[in-house]
$ cat entry-v9.pdb   # PDB, C-alpha atoms
ATOM      1  CA  MET A1005    -130.025 -12.288 -40.537  1.00  0.00           C
ATOM      2  CA  ARG A1006    -130.569  -9.123 -42.541  1.00  0.00           C
ATOM      3  CA  SER A1007    -133.937  -9.931 -44.139  1.00  0.00           C
ATOM      4  CA  VAL A1008    -135.588 -11.723 -41.245  1.00  0.00           C
ATOM      5  CA  GLY A1009    -139.007 -10.188 -42.013  1.00  0.00           C
ATOM      6  CA  LYS A1010    -139.198 -11.256 -45.639  1.00  0.00           C
ATOM      7  CA  TYR A1011    -137.685 -14.659 -44.815  1.00  0.00           C
ATOM      8  CA  GLY A1012    -140.386 -15.171 -42.179  1.00  0.00           C
ATOM      9  CA  GLU A1013    -143.115 -14.336 -44.692  1.00  0.00           C
ATOM     10  CA  TYR A1014    -141.757 -16.890 -47.155  1.00  0.00           C
ATOM     11  CA  ARG A1015    -141.458 -19.547 -44.445  1.00  0.00           C
ATOM     12  CA  VAL A1016    -145.094 -18.981 -43.416  1.00  0.00           C
ATOM     13  CA  LEU A1017    -146.217 -19.050 -47.052  1.00  0.00           C
ATOM     14  CA  ALA A1018    -144.401 -22.377 -47.507  1.00  0.00           C
ATOM     15  CA  CYS A1019    -145.981 -23.806 -44.326  1.00  0.00           C
ATOM     16  CA  LEU A1020    -149.451 -22.849 -45.525  1.00  0.00           C
ATOM     17  CA  LEU A1021    -148.897 -24.332 -48.984  1.00  0.00           C
ATOM     18  CA  GLU A1022    -147.491 -27.536 -47.472  1.00  0.00           C
ATOM     19  CA  ARG A1023    -150.806 -27.877 -45.608  1.00  0.00           C
ATOM     20  CA  ASP A1024    -152.753 -27.477 -48.870  1.00  0.00           C
ATOM     21  CA  ILE A1025    -153.924 -24.035 -47.820  1.00  0.00           C
ATOM     22  CA  GLU A1026    -154.208 -21.708 -50.804  1.00  0.00           C
ATOM     23  CA  ALA A1027    -152.098 -18.648 -49.962  1.00  0.00           C
ATOM     24  CA  TYR A1028    -150.566 -15.703 -51.798  1.00  0.00           C
ATOM     25  CA  GLN A1029    -148.388 -12.711 -51.037  1.00  0.00           C
ATOM     26  CA  ALA A1030    -150.462  -9.591 -50.490  1.00  0.00           C
ATOM     27  CA  ILE A1031    -150.225  -6.751 -52.977  1.00  0.00           C
ATOM     28  CA  ASN A1032    -148.469  -3.926 -51.141  1.00  0.00           C
ATOM     29  CA  ILE A1033    -150.216  -1.157 -53.061  1.00  0.00           C
ATOM     30  CA  ASN A1034    -153.677  -1.786 -51.610  1.00  0.00           C
ATOM     31  CA  GLN A1035    -153.074  -4.505 -49.002  1.00  0.00           C
ATOM     32  CA  ASN A1036    -150.371  -2.949 -46.844  1.00  0.00           C
ATOM     33  CA  ASP A1037    -151.855  -3.975 -43.464  1.00  0.00           C
ATOM     34  CA  PHE A1038    -151.145  -7.669 -44.019  1.00  0.00           C
ATOM     35  CA  ASP A1039    -148.552  -9.847 -45.734  1.00  0.00           C
ATOM     36  CA  LEU A1040    -150.419 -12.914 -46.996  1.00  0.00           C
ATOM     37  CA  THR A1041    -153.868 -13.641 -48.355  1.00  0.00           C
ATOM     38  CA  VAL A1042    -155.369 -17.051 -47.620  1.00  0.00           C
ATOM     39  CA  VAL A1043    -158.260 -18.327 -49.727  1.00  0.00           C
ATOM     40  CA  LEU A1044    -160.239 -20.869 -47.724  1.00  0.00           C
ATOM     41  CA  ASN A1045    -163.041 -21.150 -50.276  1.00  0.00           C
ATOM     42  CA  GLN A1046    -164.677 -18.994 -52.936  1.00  0.00           C
ATOM     43  CA  GLU A1047    -166.479 -16.878 -50.346  1.00  0.00           C
ATOM     44  CA  HIS A1048    -163.932 -16.811 -47.533  1.00  0.00           C
ATOM     45  CA  VAL A1049    -160.558 -15.043 -47.601  1.00  0.00           C
ATOM     46  CA  VAL A1050    -158.440 -14.272 -44.535  1.00  0.00           C
ATOM     47  CA  ARG A1051    -155.612 -11.799 -44.133  1.00  0.00           C
ATOM     48  CA  VAL A1052    -152.398 -12.839 -42.390  1.00  0.00           C
ATOM     49  CA  GLN A1053    -149.841 -10.510 -40.834  1.00  0.00           C
ATOM     50  CA  VAL A1054    -146.380 -12.062 -40.311  1.00  0.00           C
ATOM     51  CA  LYS A1055    -143.873 -10.743 -37.788  1.00  0.00           C
ATOM     52  CA  SER A1056    -140.446 -12.322 -37.484  1.00  0.00           C
ATOM     53  CA  THR A1057    -137.520 -12.041 -35.112  1.00  0.00           C
ATOM     54  CA  ASP A1058    -134.277 -13.783 -34.261  1.00  0.00           C
ATOM     55  CA  LEU A1059    -134.206 -15.287 -30.764  1.00  0.00           C
ATOM     56  CA  ASN A1060    -130.453 -14.878 -30.450  1.00  0.00           C
ATOM     57  CA  ASN A1061    -130.149 -11.184 -31.160  1.00  0.00           C
ATOM     58  CA  LYS A1062    -129.143  -8.539 -28.629  1.00  0.00           C
ATOM     59  CA  ALA A1063    -132.715  -7.574 -27.676  1.00  0.00           C
ATOM     60  CA  THR A1064    -134.042  -8.815 -24.359  1.00  0.00           C
ATOM     61  CA  ASN A1065    -137.706  -9.093 -25.287  1.00  0.00           C
ATOM     62  CA  ASN A1066    -137.903  -8.825 -29.105  1.00  0.00           C
ATOM     63  CA  ALA A1067    -140.907  -6.516 -29.022  1.00  0.00           C
ATOM     64  CA  ILE A1068    -143.117  -6.494 -32.106  1.00  0.00           C
ATOM     65  CA  ASP A1069    -144.996  -3.411 -33.181  1.00  0.00           C
ATOM     66  CA  GLY A1070    -147.617  -2.710 -35.830  1.00  0.00           C
ATOM     67  CA  ILE A1071    -150.030  -5.393 -34.674  1.00  0.00           C
ATOM     68  CA  ASP A1072    -152.960  -2.962 -34.568  1.00  0.00           C
ATOM     69  CA  LYS A1073    -153.360  -3.078 -38.361  1.00  0.00           C
ATOM     70  CA  GLN A1074    -156.242  -4.631 -40.330  1.00  0.00           C
ATOM     71  CA  TYR A1075    -155.710  -8.409 -40.550  1.00  0.00           C
ATOM     72  CA  ASP A1076    -157.371 -11.590 -39.311  1.00  0.00           C
ATOM     73  CA  PHE A1077    -154.396 -13.631 -38.055  1.00  0.00           C
ATOM     74  CA  LEU A1078    -150.947 -12.822 -36.740  1.00  0.00           C
ATOM     75  CA  ILE A1079    -148.183 -15.363 -37.169  1.00  0.00           C
ATOM     76  CA  VAL A1080    -145.046 -14.684 -35.153  1.00  0.00           C
ATOM     77  CA  VAL A1081    -141.968 -16.464 -36.500  1.00  0.00           C
ATOM     78  CA  ILE A1082    -139.050 -16.849 -34.117  1.00  0.00           C
ATOM     79  CA  PHE A1083    -135.792 -18.066 -35.639  1.00  0.00           C
ATOM     80  CA  GLU A1084    -133.558 -20.002 -33.255  1.00  0.00           C
ATOM     81  CA  GLY A1085    -130.535 -20.496 -35.497  1.00  0.00           C
ATOM     82  CA  GLN A1086    -129.428 -23.358 -37.733  1.00  0.00           C
ATOM     83  CA  GLY A1087    -132.517 -22.809 -39.906  1.00  0.00           C
ATOM     84  CA  LYS A1088    -134.891 -23.716 -37.061  1.00  0.00           C
ATOM     85  CA  ALA A1089    -138.050 -21.634 -36.879  1.00  0.00           C
ATOM     86  CA  ARG A1090    -141.010 -21.701 -34.516  1.00  0.00           C
ATOM     87  CA  PHE A1091    -144.445 -20.455 -35.565  1.00  0.00           C
ATOM     88  CA  PHE A1092    -147.067 -18.927 -33.275  1.00  0.00           C
ATOM     89  CA  VAL A1093    -150.516 -18.522 -34.857  1.00  0.00           C
ATOM     90  CA  MET A1094    -153.132 -16.305 -33.243  1.00  0.00           C
ATOM     91  CA  SER A1095    -156.181 -14.299 -34.166  1.00  0.00           C
ATOM     92  CA  LYS A1096    -155.912 -10.521 -34.093  1.00  0.00           C
ATOM     93  CA  ALA A1097    -158.065 -10.465 -30.952  1.00  0.00           C
ATOM     94  CA  GLU A1098    -155.710 -12.912 -29.230  1.00  0.00           C
ATOM     95  CA  ALA A1099    -152.675 -10.855 -30.297  1.00  0.00           C
ATOM     96  CA  MET A1100    -154.212  -7.647 -28.990  1.00  0.00           C
ATOM     97  CA  GLU A1101    -155.116  -9.335 -25.705  1.00  0.00           C
ATOM     98  CA  LEU A1102    -151.529 -10.582 -25.315  1.00  0.00           C
ATOM     99  CA  LYS A1103    -150.179  -7.108 -26.039  1.00  0.00           C
ATOM    100  CA  GLY A1104    -152.510  -5.589 -23.468  1.00  0.00           C
ATOM    101  CA  VAL A1105    -151.834  -1.924 -22.770  1.00  0.00           C
ATOM    102  CA  SER A1106    -148.210  -2.122 -23.925  1.00  0.00           C
ATOM    103  CA  LYS A1107    -147.169  -0.337 -27.110  1.00  0.00           C
ATOM    104  CA  GLN A1108    -145.557  -3.518 -28.448  1.00  0.00           C
ATOM    105  CA  LEU A1109    -145.958  -7.269 -28.077  1.00  0.00           C
ATOM    106  CA  GLY A1110    -142.924  -8.776 -26.350  1.00  0.00           C
ATOM    107  CA  VAL A1111    -142.319 -12.295 -27.642  1.00  0.00           C
ATOM    108  CA  THR A1112    -139.069 -13.352 -25.954  1.00  0.00           C
ATOM    109  CA  GLN A1113    -137.314 -12.845 -22.657  1.00  0.00           C
ATOM    110  CA  VAL A1114    -133.974 -13.661 -21.062  1.00  0.00           C
ATOM    111  CA  CYS A1115    -133.928 -16.299 -18.331  1.00  0.00           C
ATOM    112  CA  SER A1116    -130.589 -17.007 -16.651  1.00  0.00           C
ATOM    113  CA  ARG A1117    -128.848 -15.162 -19.497  1.00  0.00           C
ATOM    114  CA  VAL A1118    -130.497 -17.406 -22.097  1.00  0.00           C
ATOM    115  CA  PRO A1119    -133.072 -15.988 -24.535  1.00  0.00           C
ATOM    116  CA  VAL A1120    -136.346 -17.945 -24.559  1.00  0.00           C
ATOM    117  CA  VAL A1121    -139.822 -17.577 -26.029  1.00  0.00           C
ATOM    118  CA  LYS A1122    -142.269 -16.053 -23.547  1.00  0.00           C
ATOM    119  CA  THR A1123    -144.556 -18.639 -21.998  1.00  0.00           C
ATOM    120  CA  SER A1124    -147.602 -16.575 -22.971  1.00  0.00           C
ATOM    121  CA  LEU A1125    -146.883 -17.421 -26.632  1.00  0.00           C
ATOM    122  CA  LEU A1126    -146.556 -21.192 -26.161  1.00  0.00           C
ATOM    123  CA  PRO A1127    -150.305 -22.030 -26.428  1.00  0.00           C
ATOM    124  CA  PHE A1128    -150.253 -20.547 -29.949  1.00  0.00           C
ATOM    125  CA  GLU A1129    -147.363 -22.601 -31.285  1.00  0.00           C
ATOM    126  CA  ASP A1130    -148.175 -24.395 -34.552  1.00  0.00           C
ATOM    127  CA  GLN A1131    -151.901 -23.617 -34.270  1.00  0.00           C
ATOM    128  CA  TRP A1132    -152.367 -23.655 -38.069  1.00  0.00           C
ATOM    129  CA  VAL A1133    -155.837 -25.152 -37.593  1.00  0.00           C
ATOM    130  CA  LYS A1134    -157.047 -21.713 -36.461  1.00  0.00           C
ATOM    131  CA  ILE A1135    -156.639 -20.520 -40.030  1.00  0.00           C
ATOM    132  CA  THR A1136    -158.211 -23.547 -41.692  1.00  0.00           C
ATOM    133  CA  ASN A1137    -161.168 -23.381 -39.291  1.00  0.00           C
ATOM    134  CA  ALA A1138    -161.714 -19.632 -39.713  1.00  0.00           C
TER     135      ALA A1138
END

$ encode --input "entry-v9.pdb" --output "structure tokens"
Amino acid sequence: MRSVGKYGEYRVLACLLERDIEAYQAININQNDFDLTVVLNQEHVVRVQVKSTDLNNKATNNAIDGIDKQYDFLIVVIFEGQGKARFFVMSKAEAMELKGVSKQLGVTQVCSRVPVVKTSLLPFEDQWVKITNA
């Protein structure tokens, strides 16, 4: 998929709106560290960074960079083919802890020649409540 990043952003935006969470695309001119703005109430806005990858590409660990930017939540979207997507929602602190001292956050691995999502990401799958409870 050529535009996996933008497609991931739109899929996350749709998921948020489907959950009655008020969300908008960020304005790239002055909000370039995050992709989406979520309005939880009149006094509380959170910034969401979206990173997307295709599970079945030629990479062995689909490493994600740029997670040290200014945002509140990271949502990793992993496309598995046939329109199926998996969403992993974590706070910036959780993302940075997962990344550890590595330069990038590896989100997939190859097991017995089959690409799979890393087990360290599984606790974050579909954790949309983290955003609504922020």

$ resolve_selection --input "entry-v9.pdb" --expression "the PyMOL selection byres ((chain A and resi 1028-1037) around 8)" --output "short mmCIF file (atom, residue, chain, number, x, y, z; two decimals) with C-alpha atoms, keeping the file's coordinate frame"
data_model
loop_
_atom_site.label_atom_id
_atom_site.label_comp_id
_atom_site.auth_asym_id
_atom_site.auth_seq_id
_atom_site.Cartn_x
_atom_site.Cartn_y
_atom_site.Cartn_z
CA LEU A 1017 -146.22 -19.05 -47.05
CA GLU A 1026 -154.21 -21.71 -50.80
CA ALA A 1027 -152.10 -18.65 -49.96
CA PHE A 1038 -151.15 -7.67 -44.02
CA ASP A 1039 -148.55 -9.85 -45.73
CA LEU A 1040 -150.42 -12.91 -47.00
CA THR A 1041 -153.87 -13.64 -48.36
CA VAL A 1042 -155.37 -17.05 -47.62
CA GLN A 1053 -149.84 -10.51 -40.83
CA LYS A 1073 -153.36 -3.08 -38.36
CA GLN A 1074 -156.24 -4.63 -40.33
CA TYR A 1075 -155.71 -8.41 -40.55
#

$ resolve_selection --input "entry-v9.pdb" --expression "the PyMOL selection byres ((chain A and resi 1078-1091) around 7)" --output "list in words"
Gly1012, Val1052, Gln1053, Val1054, Lys1055, Ser1056, Thr1057, Asp1058, Leu1059, Asn1060, Phe1077, Phe1092, Val1093, Met1094, Ser1095, Lys1096, Ala1099, Glu1129 and Asp1130 of chain A

$ closest_residue --input "entry-v9.pdb" --among "A:Arg1117, A:Gln1108, A:Ile1068, A:Val1049" --to "Gly1009 (chain A)" --atoms "only C-alpha atoms"
A:Ile1068

$ resolve_selection --input "entry-v9.pdb" --expression "the PyMOL selection byres ((chain A and resi 1135-1137) around 8)" --output "NGL selection string"
:A and (1025 or 1044 or 1050 or 1077 or 1132-1134 or 1138)

$ axis_aligned_box --input "entry-v9.pdb" --around "region 1105-1110 of chain A" --padding-each-side "5 Å" --output "JSON"
{"center_x": -147.4, "center_y": -4.6, "center_z": -25.6, "size_x": 18.9, "size_y": 18.4, "size_z": 15.7}

$ closest_residue --input "entry-v9.pdb" --among "A:Val1043, A:Glu1098, A:Arg1051, A:Asn1061" --to "Asp1076 (chain A)" --atoms "all atoms listed in the file"
A:Arg1051

$ atom_distance --input "entry-v9.pdb" --atom1 "CA of Met1100 (chain A)" --atom2 "CA of Gly1070 (chain A)"
10.7 Å

$ atom_distance --input "entry-v9.pdb" --atom1 "CA of Tyr1011 (chain A)" --atom2 "CA of Ser1106 (chain A)"
26.5 Å

$ atom_distance --input "entry-v9.pdb" --atom1 "CA of Asp1024 (chain A)" --atom2 "CA of Asn1045 (chain A)"
12.2 Å

$ residues_around --input "entry-v9.pdb" --residues "Leu1102 (chain A)" --least-positions-apart "5" --cutoff "12 Å" --atoms "all atoms listed in the file" --output "NGL selection string"
:A and (1067-1068 or 1071 or 1078 or 1094-1097 or 1107-1111 or 1122-1128)

$ residues_near_point --input "entry-v9.pdb" --point "(-132.9, -14.2, -20.4)" --cutoff "12 Å" --atoms "only C-alpha atoms" --output "list in words"
Leu1059, Asn1060, Asn1061, Lys1062, Ala1063, Thr1064, Asn1065, Asn1066, Thr1112, Gln1113, Val1114, Cys1115, Ser1116, Arg1117, Val1118, Pro1119, Val1120, Val1121 and Lys1122 of chain A

$ build_atoms --input "entry-v9.pdb" --residues "region 1012-1023 of chain A" --atoms "all heavy atoms" --output "CSV table (one decimal), in the coordinates of the input"
chain,number,residue,atom,x,y,z
A,1012,GLY,N,-139.3,-14.7,-43.0
A,1012,GLY,CA,-140.4,-15.2,-42.2
A,1012,GLY,C,-141.7,-15.3,-43.0
A,1012,GLY,O,-142.4,-16.3,-42.9
A,1013,GLU,N,-141.9,-14.3,-43.8
A,1013,GLU,CA,-143.1,-14.3,-44.7
A,1013,GLU,C,-143.1,-15.5,-45.6
A,1013,GLU,O,-144.0,-16.3,-45.8
A,1013,GLU,CB,-143.2,-13.1,-45.5
A,1013,GLU,CG,-143.6,-11.8,-44.8
A,1013,GLU,CD,-143.6,-10.6,-45.6
A,1013,GLU,OE1,-143.8,-10.7,-46.8
A,1013,GLU,OE2,-143.4,-9.5,-45.1
A,1014,TYR,N,-141.9,-15.8,-46.2
A,1014,TYR,CA,-141.8,-16.9,-47.2
A,1014,TYR,C,-141.9,-18.2,-46.4
A,1014,TYR,O,-142.4,-19.2,-47.0
A,1014,TYR,CB,-140.4,-16.8,-47.9
A,1014,TYR,CG,-140.4,-15.7,-48.9
A,1014,TYR,CD1,-139.3,-14.9,-49.0
A,1014,TYR,CD2,-141.5,-15.5,-49.8
A,1014,TYR,CE1,-139.3,-13.8,-50.0
A,1014,TYR,CE2,-141.5,-14.4,-50.7
A,1014,TYR,CZ,-140.4,-13.6,-50.8
A,1014,TYR,OH,-140.3,-12.6,-51.7
A,1015,ARG,N,-141.3,-18.3,-45.2
A,1015,ARG,CA,-141.5,-19.5,-44.4
A,1015,ARG,C,-142.9,-19.8,-44.1
A,1015,ARG,O,-143.4,-21.0,-44.2
A,1015,ARG,CB,-140.6,-19.5,-43.2
A,1015,ARG,CG,-139.1,-19.5,-43.4
A,1015,ARG,CD,-138.6,-20.9,-43.8
A,1015,ARG,NE,-138.9,-21.9,-42.9
A,1015,ARG,CZ,-138.1,-22.4,-41.9
A,1015,ARG,NH1,-136.9,-21.8,-41.8
A,1015,ARG,NH2,-138.5,-23.4,-41.1
A,1016,VAL,N,-143.7,-18.8,-43.7
A,1016,VAL,CA,-145.1,-19.0,-43.4
A,1016,VAL,C,-145.8,-19.4,-44.7
A,1016,VAL,O,-146.7,-20.3,-44.6
A,1016,VAL,CB,-145.7,-17.7,-42.8
A,1016,VAL,CG1,-147.2,-17.8,-42.7
A,1016,VAL,CG2,-145.1,-17.5,-41.4
A,1017,LEU,N,-145.6,-18.7,-45.8
A,1017,LEU,CA,-146.2,-19.0,-47.1
A,1017,LEU,C,-146.0,-20.5,-47.4
A,1017,LEU,O,-146.9,-21.3,-47.8
A,1017,LEU,CB,-145.7,-18.1,-48.2
A,1017,LEU,CG,-146.3,-18.3,-49.6
A,1017,LEU,CD1,-147.8,-18.1,-49.5
A,1017,LEU,CD2,-145.7,-17.4,-50.5
A,1018,ALA,N,-144.7,-21.0,-47.2
A,1018,ALA,CA,-144.4,-22.4,-47.5
A,1018,ALA,C,-145.2,-23.3,-46.6
A,1018,ALA,O,-145.7,-24.3,-47.0
A,1018,ALA,CB,-142.9,-22.6,-47.4
A,1019,CYS,N,-145.2,-23.0,-45.3
A,1019,CYS,CA,-146.0,-23.8,-44.3
A,1019,CYS,C,-147.5,-23.9,-44.7
A,1019,CYS,O,-148.0,-25.0,-44.6
A,1019,CYS,CB,-145.8,-23.2,-42.9
A,1019,CYS,SG,-144.2,-23.5,-42.2
A,1020,LEU,N,-148.0,-22.8,-45.1
A,1020,LEU,CA,-149.5,-22.8,-45.5
A,1020,LEU,C,-149.6,-23.7,-46.8
A,1020,LEU,O,-150.5,-24.6,-46.8
A,1020,LEU,CB,-150.0,-21.4,-45.8
A,1020,LEU,CG,-150.1,-20.5,-44.6
A,1020,LEU,CD1,-150.3,-19.1,-45.0
A,1020,LEU,CD2,-151.2,-21.0,-43.6
A,1021,LEU,N,-148.8,-23.5,-47.8
A,1021,LEU,CA,-148.9,-24.3,-49.0
A,1021,LEU,C,-148.7,-25.8,-48.7
A,1021,LEU,O,-149.3,-26.7,-49.3
A,1021,LEU,CB,-147.9,-23.8,-50.0
A,1021,LEU,CG,-148.2,-22.4,-50.5
A,1021,LEU,CD1,-147.1,-21.9,-51.4
A,1021,LEU,CD2,-149.5,-22.3,-51.3
A,1022,GLU,N,-147.7,-26.1,-47.8
A,1022,GLU,CA,-147.5,-27.5,-47.5
A,1022,GLU,C,-148.7,-28.2,-46.8
A,1022,GLU,O,-148.9,-29.4,-46.9
A,1022,GLU,CB,-146.3,-27.6,-46.5
A,1022,GLU,CG,-145.0,-27.4,-47.2
A,1022,GLU,CD,-143.8,-27.2,-46.2
A,1022,GLU,OE1,-144.1,-27.1,-45.0
A,1022,GLU,OE2,-142.7,-27.0,-46.7
A,1023,ARG,N,-149.6,-27.4,-46.2
A,1023,ARG,CA,-150.8,-27.9,-45.6
A,1023,ARG,C,-152.0,-27.8,-46.6
A,1023,ARG,O,-153.1,-27.9,-46.1
A,1023,ARG,CB,-151.1,-27.1,-44.3
A,1023,ARG,CG,-150.1,-27.4,-43.2
A,1023,ARG,CD,-150.2,-26.4,-42.1
A,1023,ARG,NE,-149.3,-26.8,-41.0
A,1023,ARG,CZ,-148.0,-26.7,-40.9
A,1023,ARG,NH1,-147.3,-26.2,-42.0
A,1023,ARG,NH2,-147.3,-27.1,-39.9
